[in-house]
Structure formats: C-alpha cells, structure tokens
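J.: This is the structure I have questions about; it appears just below.
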Protein chains: 2
Amino acid sequence: MTRSADPDQLYALITEIRKAFGELRTFSDGQIMDLGMTAAMRAVLEDLDKHGAQTVPDIARRKGRTRQHIQQLADALVEAGFAEFHDNPAHRRSRLLAQTKRGREVFSEIRRRERESLGRAAERLDGGRIQATTDLLRELRKDLAGQTDRD
Amino acid sequence: MTRSADPDQLYALITEIRKAFGELRTFSDGQIMDLGMTAAMRAVLEDLDKHGAQTVPDIARRKGRTRQHIQQLADALVEAGFAEFHDNPAHRRSRLLAQTKRGREVFSEIRRRERESLGRAAERLDGGRIQATTDLLRELRKDLAGQTDRD
DNA sequence: TGAAATTGACAATTTACTTGTCAATAATGA
DNA sequence: TCATTATTGACAAGTAAATTGTCAATTTCA
C-alpha cells in the first residue's frame, strides 16, 4: 500500500534538492569555465541542441524566463561564436537563433566531460534508483509549476 | 539484481535536478518575498535554526560559501531584525550569530507556509518514493562533493 | 482596417556570490 | 615564550543570473 507523503518528508526533500543543486552548480561550473561559457549560456545552447533553431521569445517561453534575459544570453552566445541568427521566413523581425558548428562542437565536449565525471562520481548508484528519482522529481516539478509542463 | 547507472540516465537526472530546482526557486521566492527576506538570507536563518548560534566563518565553511558572502547575509539579517551578534566566549574577535525572537517567528512562519503549499502541490506523491528520492539525491550530492559531507 | 499583442533594443536594478586587500587577533610549534 | 602562520572582520569591487521598465517596429486578429 502507498503511504501519502507527510509534510516533513517533503520538506526534507526540497532541502535536499537545494543542496544537490548547489553541489551540481559547483561541479558544472568547473566543467565549462575554461570554454568561455557560463551556466546560463550552456542552458540555452542545450535548448538549441535539443529543439533546434528558435526565436528568443520562444526559448524564453519554454524555459519560463523573460525574453530580455534570453536575449542577453543569445547575444553572448553569438558574441562567443557558439550561435548565430538566421532569417526567419515566418517573421521578418524575430530571427531564429541557431547553433554554429563551433557551438555544436563545444556542447558535445561539455556533454562528454559531464558523462565522464558524473560516471566517476556516481558509479556506485543503481540505475533503477536513478530512474525512480528522475521520475519523482519530474512529477514534483510539474505539480509545483501547476501542471504547466514547460520542458 | 542492481544495474549500474548508464551515463545518459545520470545526465537525465542532473537535467531534472536543475529544472526541479528552478521551479522550487520560483515557488519559494513567492513564499518569502513579503517577509523582507531573500532566499540566501533564509538559508542562513535555517542554518541557525538547525545548528544554533555560530560564527560567520563557521556557517561559511558548513555551507561551502565564502565567509565574505555569509557576512553580507548576516549583516542583512541583523539589519532586518532577524538575527543578532552575541559575544563569543571562545573568541574575542569572532562573534556568534544567533536568531532573534522575531527571526524564530519568521522562520517558523516560512516553514508553515512551505509545508502547507508543498502538501497541496504534492499530495499525490507516495511517501516511500519521496524518501527514496531524498536518499539518492543525498548520496549523489556527497559523491559530487567528494565525500566532504558538509551538511 | 484598426486595436491589441509581440518583438527588439536599450537601460537600470536586484540577488547571489566571488576575489582581493589589510590590519587585528588567534593558534602553533620550535 | 615568542615568532611565524592562519583566521577573522571590514571594506571594496566585480561577475553572473535574472528581473522590471520603456518605446518604437512589427504582427496578429477580431
């Protein structure tokens, strides 16, 4: 039989999510610093990698951030040579942000590093438990977001 | 039998941790904004609540942040009336940061709100799964931190 | 077609957190 | 005990993530 969660358990979970994210941030920053990329830029590049070229407002909506913020990151990615704007047949004003060759290369280097380091850090963790954890976090996140189902 | 985690599963997990943290941050900011407290101040107050009065460098070490940063947050907490410095019998220069009555009150109000809202958001989640998720995240975090076991 | 919504460009601000410096104090070990 | 080393407080400046606000150009839609 399933027990429903008591508030203290949930509280312990969100505390742990915060701590885990903190460690993850420290870990990830170390992986990308030398590539001339910040964590937020990396997140946009990941989005382009997963969903293809998009306009800045599209990315902002998907990620639940302001378009102004995404615009800053997009400009930084272009400046660094990791992305470029293409004309958008569907909209004269709002151009499509796309990865450059260099952007794709750098992103796969980042993923390679993350896989390698994570594999080392978590080699003792069971795959089934990892899957279960991912699933539960996704459910919790969607509940928190009010079933918005952003990503 | 236990399967070992493959890198893609781990990658999916850290992606989900990032997203879950993002939602959580949005959620939590909404809970404390009106109390004149920021998320980082809240984290220090939580530390005082859990571990009692401590010096600024002690908190910084436990949280893995710089003492200068924690000093800023401590000053803000004092300024807002949520904490105060007490003389430290063990160290003339380095005083102990302690919650004030108001700090304790505000922190329990925050916890009350969080319990209530979280309970509503996650009422369908099973307690056993929550526990398993918390446990795995803790293990992963400690692996990432290199077994430092900070908190 | 005309009003309402979206977009780009630019500016300013907030929050979280860092690095760096210097003088005062504490801890340590020869 | 005393010189050296480490820690601390105070202050300054900077970076990164993200926000709010404004205005004119462009789209969308009723």
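Every chain in the structure tokens has a letter given in the order shown (A, B, ...), and although residue numbers restart at 1 in each chain, ligands are simply numbered from 1 in the order shown.
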What are the residues of chain C lining chain A at 12 Å or less? Count only C-alpha atoms (C1' of nucleotides), and put the answer as a VMD selection string.
T.: chain C and resid 6 to 11 16 to 17
J.: Please identify all polymer residues within 12 Å of Gly22 (chain B), counting only C-alpha atoms (C1' of nucleotides), omitting same-chain residues fewer than 2 positions from it, and present them as an MDAnalysis selection string.
T.: (chainID A and resid 14 17:18 21:22 63:65 137:138 140:142 144:145 150:151) or (chainID B and resid 15:20 24:29) or (chainID D and resid 17:18)
J.: Got a sec to align chain A on chain B by every in-order Cα pair and hand back the fitted coordinates as a short mmCIF file (atom, residue, chain, number, x, y, z; two decimals) with C-alpha atoms, in the first residue's frame?
T.:
```cif
data_model
loop_
_atom_site.label_atom_id
_atom_site.label_comp_id
_atom_site.auth_asym_id
_atom_site.auth_seq_id
_atom_site.Cartn_x
_atom_site.Cartn_y
_atom_site.Cartn_z
CA MET A 1 19.94 -7.59 -9.36
CA THR A 2 21.10 -4.00 -9.49
CA ARG A 3 21.99 -2.39 -12.80
CA SER A 4 24.68 0.21 -12.74
CA ALA A 5 23.62 3.61 -14.03
CA ASP A 6 24.40 4.48 -17.63
CA PRO A 7 25.69 7.98 -18.39
CA ASP A 8 22.53 9.05 -20.19
CA GLN A 9 20.41 8.20 -17.18
CA LEU A 10 22.66 10.28 -14.97
CA TYR A 11 22.54 13.07 -17.47
CA ALA A 12 18.75 12.97 -17.45
CA LEU A 13 18.82 13.11 -13.67
CA ILE A 14 21.01 16.17 -13.42
CA THR A 15 18.91 17.90 -16.05
CA GLU A 16 15.86 17.15 -13.97
CA ILE A 17 17.57 18.36 -10.77
CA ARG A 18 18.27 21.68 -12.49
CA LYS A 19 14.67 22.05 -13.63
CA ALA A 20 13.23 21.01 -10.29
CA PHE A 21 15.45 23.51 -8.53
CA GLY A 22 14.31 26.22 -10.93
CA GLU A 23 10.66 25.59 -10.13
CA LEU A 24 11.47 25.34 -6.45
CA ARG A 25 13.24 28.67 -6.55
CA THR A 26 10.26 30.36 -8.17
CA PHE A 27 7.97 28.68 -5.65
CA SER A 28 10.06 29.59 -2.61
CA ASP A 29 10.66 33.17 -3.61
CA GLY A 30 6.92 33.63 -3.65
CA GLN A 31 6.72 32.33 -0.09
CA ILE A 32 9.24 34.70 1.46
CA MET A 33 9.22 37.89 -0.62
CA ASP A 34 6.68 39.64 1.56
CA LEU A 35 8.61 38.85 4.74
CA GLY A 36 11.54 41.09 3.81
CA MET A 37 13.85 38.17 3.34
CA THR A 38 15.78 36.79 0.38
CA ALA A 39 16.39 33.11 -0.35
CA ALA A 40 20.02 33.32 0.74
CA MET A 41 19.08 35.01 4.01
CA ARG A 42 16.52 32.29 4.59
CA ALA A 43 19.21 29.64 4.14
CA VAL A 44 21.37 31.23 6.84
CA LEU A 45 18.40 31.54 9.17
CA GLU A 46 17.65 27.87 8.57
CA ASP A 47 21.21 27.04 9.50
CA LEU A 48 20.94 28.98 12.76
CA ASP A 49 17.64 27.26 13.48
CA LYS A 50 19.13 23.85 12.97
CA HIS A 51 22.59 24.28 14.44
CA GLY A 52 22.23 27.13 16.92
CA ALA A 53 24.36 30.28 17.20
CA GLN A 54 27.60 30.20 15.25
CA THR A 55 30.29 32.49 13.91
CA VAL A 56 30.14 33.69 10.34
CA PRO A 57 33.19 31.67 9.25
CA ASP A 58 31.65 28.53 10.79
CA ILE A 59 28.49 28.96 8.74
CA ALA A 60 30.52 29.65 5.63
CA ARG A 61 32.53 26.47 6.08
CA ARG A 62 29.47 24.34 6.71
CA LYS A 63 27.70 25.70 3.65
CA GLY A 64 30.73 25.72 1.41
CA ARG A 65 30.45 29.46 0.70
CA THR A 66 32.93 32.28 1.30
CA ARG A 67 32.91 33.96 4.69
CA GLN A 68 32.54 37.34 2.98
CA HIS A 69 29.30 36.25 1.39
CA ILE A 70 27.91 34.87 4.64
CA GLN A 71 28.99 38.09 6.36
CA GLN A 72 26.85 40.09 3.92
CA LEU A 73 23.86 37.86 4.61
CA ALA A 74 24.45 38.01 8.36
CA ASP A 75 24.57 41.81 8.24
CA ALA A 76 21.34 41.84 6.25
CA LEU A 77 19.66 39.54 8.78
CA VAL A 78 20.80 41.78 11.63
CA GLU A 79 19.67 44.87 9.76
CA ALA A 80 16.24 43.29 9.26
CA GLY A 81 15.97 42.30 12.92
CA PHE A 82 16.01 38.54 12.31
CA ALA A 83 19.40 37.88 13.92
CA GLU A 84 21.90 39.53 16.24
CA PHE A 85 25.55 39.17 17.21
CA HIS A 86 26.42 37.90 20.67
CA ASP A 87 29.80 38.05 22.33
CA ASN A 88 31.72 34.85 21.82
CA PRO A 89 33.42 33.60 25.00
CA ALA A 90 35.75 31.51 22.87
CA HIS A 91 36.91 34.31 20.56
CA ARG A 92 37.12 38.01 21.23
CA ARG A 93 36.94 39.10 17.64
CA SER A 94 34.58 36.60 16.04
CA ARG A 95 31.10 36.99 17.47
CA LEU A 96 28.27 34.47 17.41
CA LEU A 97 25.33 35.03 15.10
CA ALA A 98 22.03 34.04 16.72
CA GLN A 99 18.36 34.23 15.76
CA THR A 100 16.27 36.89 17.46
CA LYS A 101 12.76 36.13 18.71
CA ARG A 102 11.48 37.75 15.53
CA GLY A 103 13.84 35.58 13.48
CA ARG A 104 12.48 32.43 15.06
CA GLU A 105 8.92 33.58 14.48
CA VAL A 106 9.51 34.43 10.85
CA PHE A 107 11.34 31.20 10.18
CA SER A 108 8.54 29.09 11.59
CA GLU A 109 6.04 31.08 9.55
CA ILE A 110 8.09 30.27 6.46
CA ARG A 111 8.14 26.59 7.35
CA ARG A 112 4.41 26.63 8.01
CA ARG A 113 3.74 28.13 4.60
CA GLU A 114 6.10 25.73 2.86
CA ARG A 115 4.55 22.70 4.51
CA GLU A 116 1.10 23.84 3.58
CA SER A 117 1.84 24.73 -0.05
CA LEU A 118 4.05 21.72 -0.60
CA GLY A 119 1.44 19.45 0.88
CA ARG A 120 -1.05 20.79 -1.62
CA ALA A 121 1.36 20.61 -4.55
CA ALA A 122 2.52 17.07 -3.86
CA GLU A 123 -0.45 15.40 -2.24
CA ARG A 124 -0.49 12.62 -4.82
CA LEU A 125 3.15 11.64 -4.29
CA ASP A 126 3.88 8.51 -2.34
CA GLY A 127 5.88 8.84 0.87
CA GLY A 128 8.15 5.90 0.12
CA ARG A 129 9.14 7.34 -3.24
CA ILE A 130 9.83 10.74 -1.66
CA GLN A 131 12.09 9.08 0.88
CA ALA A 132 13.91 7.08 -1.80
CA THR A 133 14.41 10.23 -3.87
CA THR A 134 15.79 12.17 -0.92
CA ASP A 135 18.17 9.33 -0.13
CA LEU A 136 19.50 9.01 -3.63
CA LEU A 137 19.99 12.75 -4.05
CA ARG A 138 21.96 12.79 -0.81
CA GLU A 139 24.25 10.00 -2.03
CA LEU A 140 24.76 11.68 -5.38
CA ARG A 141 25.48 15.00 -3.73
CA LYS A 142 28.06 13.50 -1.42
CA ASP A 143 29.72 11.76 -4.35
CA LEU A 144 29.83 15.06 -6.22
CA ALA A 145 31.25 16.85 -3.20
CA GLY A 146 33.95 14.23 -3.00
CA GLN A 147 32.66 12.75 0.22
CA THR A 148 33.12 16.07 2.02
CA ASP A 149 29.83 15.57 3.87
CA ARG A 150 29.19 19.20 4.50
CA ASP A 151 25.66 19.36 5.87
#
```
J.: List as a list of chain:residue names the protein and nucleic acid residues near region 19-26 of chain C, meaning an atom at most 9 Å away when only C-alpha atoms (C1' of nucleotides) are counted, but skip any in the same chain fewer than 2 places from it.
T.: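 Surrounding residues, per the criterion: B:His91, B:Arg92, B:Arg93, D:DA6, D:DT7, D:DT8, D:DG9, D:DC11, D:DA12, D:DA13, D:DG14.
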J.: Selected residues, C-alpha atoms (C1' of nucleotides), written as a compact mmCIF listing (two decimals), in the first residue's frame, please.
T.:
```
# COMPACT_ATOMS: atom_id res chain seq x y z
CA HIS B 91 36.94 34.13 20.55
CA ARG B 92 37.20 37.83 21.26
CA ARG B 93 37.01 38.95 17.66
C1' DA D 6 46.36 31.07 9.92
C1' DT D 7 41.95 33.10 10.78
C1' DT D 8 38.87 36.87 11.13
C1' DG D 9 36.42 41.48 10.28
C1' DC D 11 35.62 47.20 3.23
C1' DA D 12 35.69 47.44 -1.94
C1' DA D 13 34.87 45.99 -6.38
C1' DG D 14 33.36 42.76 -9.70
```
J.: Can you list every residue of chain D that has an atom at most 12 Å from chain A, with its nearest atom pair and the distance in Å to one decimal, using only C-alpha atoms (C1' of nucleotides), ordered by chain then number, as JSON lines?
T.:
```
{"residue": "D:DT15", "atom": "C1'", "partner": "A:Thr38", "partner_atom": "CA", "distance": 10.7}
{"residue": "D:DA16", "atom": "C1'", "partner": "A:Thr38", "partner_atom": "CA", "distance": 7.9}
{"residue": "D:DA17", "atom": "C1'", "partner": "A:Ala40", "partner_atom": "CA", "distance": 7.3}
{"residue": "D:DA18", "atom": "C1'", "partner": "A:His69", "partner_atom": "CA", "distance": 6.5}
{"residue": "D:DT19", "atom": "C1'", "partner": "A:Thr66", "partner_atom": "CA", "distance": 7.9}
{"residue": "D:DT20", "atom": "C1'", "partner": "A:Thr66", "partner_atom": "CA", "distance": 10.0}
{"residue": "D:DG21", "atom": "C1'", "partner": "A:Gln68", "partner_atom": "CA", "distance": 11.2}
{"residue": "D:DA25", "atom": "C1'", "partner": "A:Arg93", "partner_atom": "CA", "distance": 8.4}
{"residue": "D:DT26", "atom": "C1'", "partner": "A:Arg93", "partner_atom": "CA", "distance": 6.8}
{"residue": "D:DT27", "atom": "C1'", "partner": "A:His91", "partner_atom": "CA", "distance": 8.2}
{"residue": "D:DT28", "atom": "C1'", "partner": "A:His91", "partner_atom": "CA", "distance": 11.5}
```
J.: Pull C-alpha atoms (C1' of nucleotides) from the residues just selected and write them as a compact mmCIF listing (two decimals), in the first residue's frame.
T.:
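The new file result.txt reads:
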```txt
# COMPACT_ATOMS: atom_id res chain seq x y z
C1' DT D 15 30.67 38.86 -12.17
C1' DA D 16 26.63 36.13 -13.29
C1' DA D 17 21.69 35.28 -13.35
C1' DA D 18 17.73 37.24 -13.78
C1' DT D 19 14.27 40.95 -13.31
C1' DT D 20 11.47 45.28 -14.42
C1' DG D 21 10.56 49.06 -17.40
C1' DA D 25 8.54 48.46 -35.08
C1' DT D 26 6.01 44.65 -36.48
C1' DT D 27 2.42 41.01 -36.25
C1' DT D 28 -1.90 39.12 -35.23
```
J.: So which bits of chain A end up strand (DSSP E or B) when you DSSP the backbone, as a list in words?
T.: Ser4, Gln54, Thr55, Ala83, Glu84, Phe85, His86, Asp87, Asn88, His91, Arg92, Arg93, Ser94, Arg95, Leu96, Leu97, Ala98, Gln99 and Asp126 of chain A
J.: Could you tell me, as a ChimeraX atom specification, which residues of region 24-64 of chain B DSSP assigns to alpha helix (DSSP H) when given the backbone?
T.: /B:24-32,39-51,56-63
J.: Can you tell me how far C1' of DA30 (chain C) sits from C1' of DT1 (chain D), in Å to one decimal?
T.: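 C1' of DT1 (chain D) lies at a distance of 10.5 Å from C1' of DA30 (chain C).
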J.: For C1' of DT5 (chain D) and C1' of DT18 (chain C), determine how far apart the two atoms are, in Å to one decimal place.
T.: 24.7 Å
J.: What separation in Å, quoted to one decimal, exists between C1' of DT22 (chain D) and C1' of DT14 (chain C)?
T.: 18.3 Å
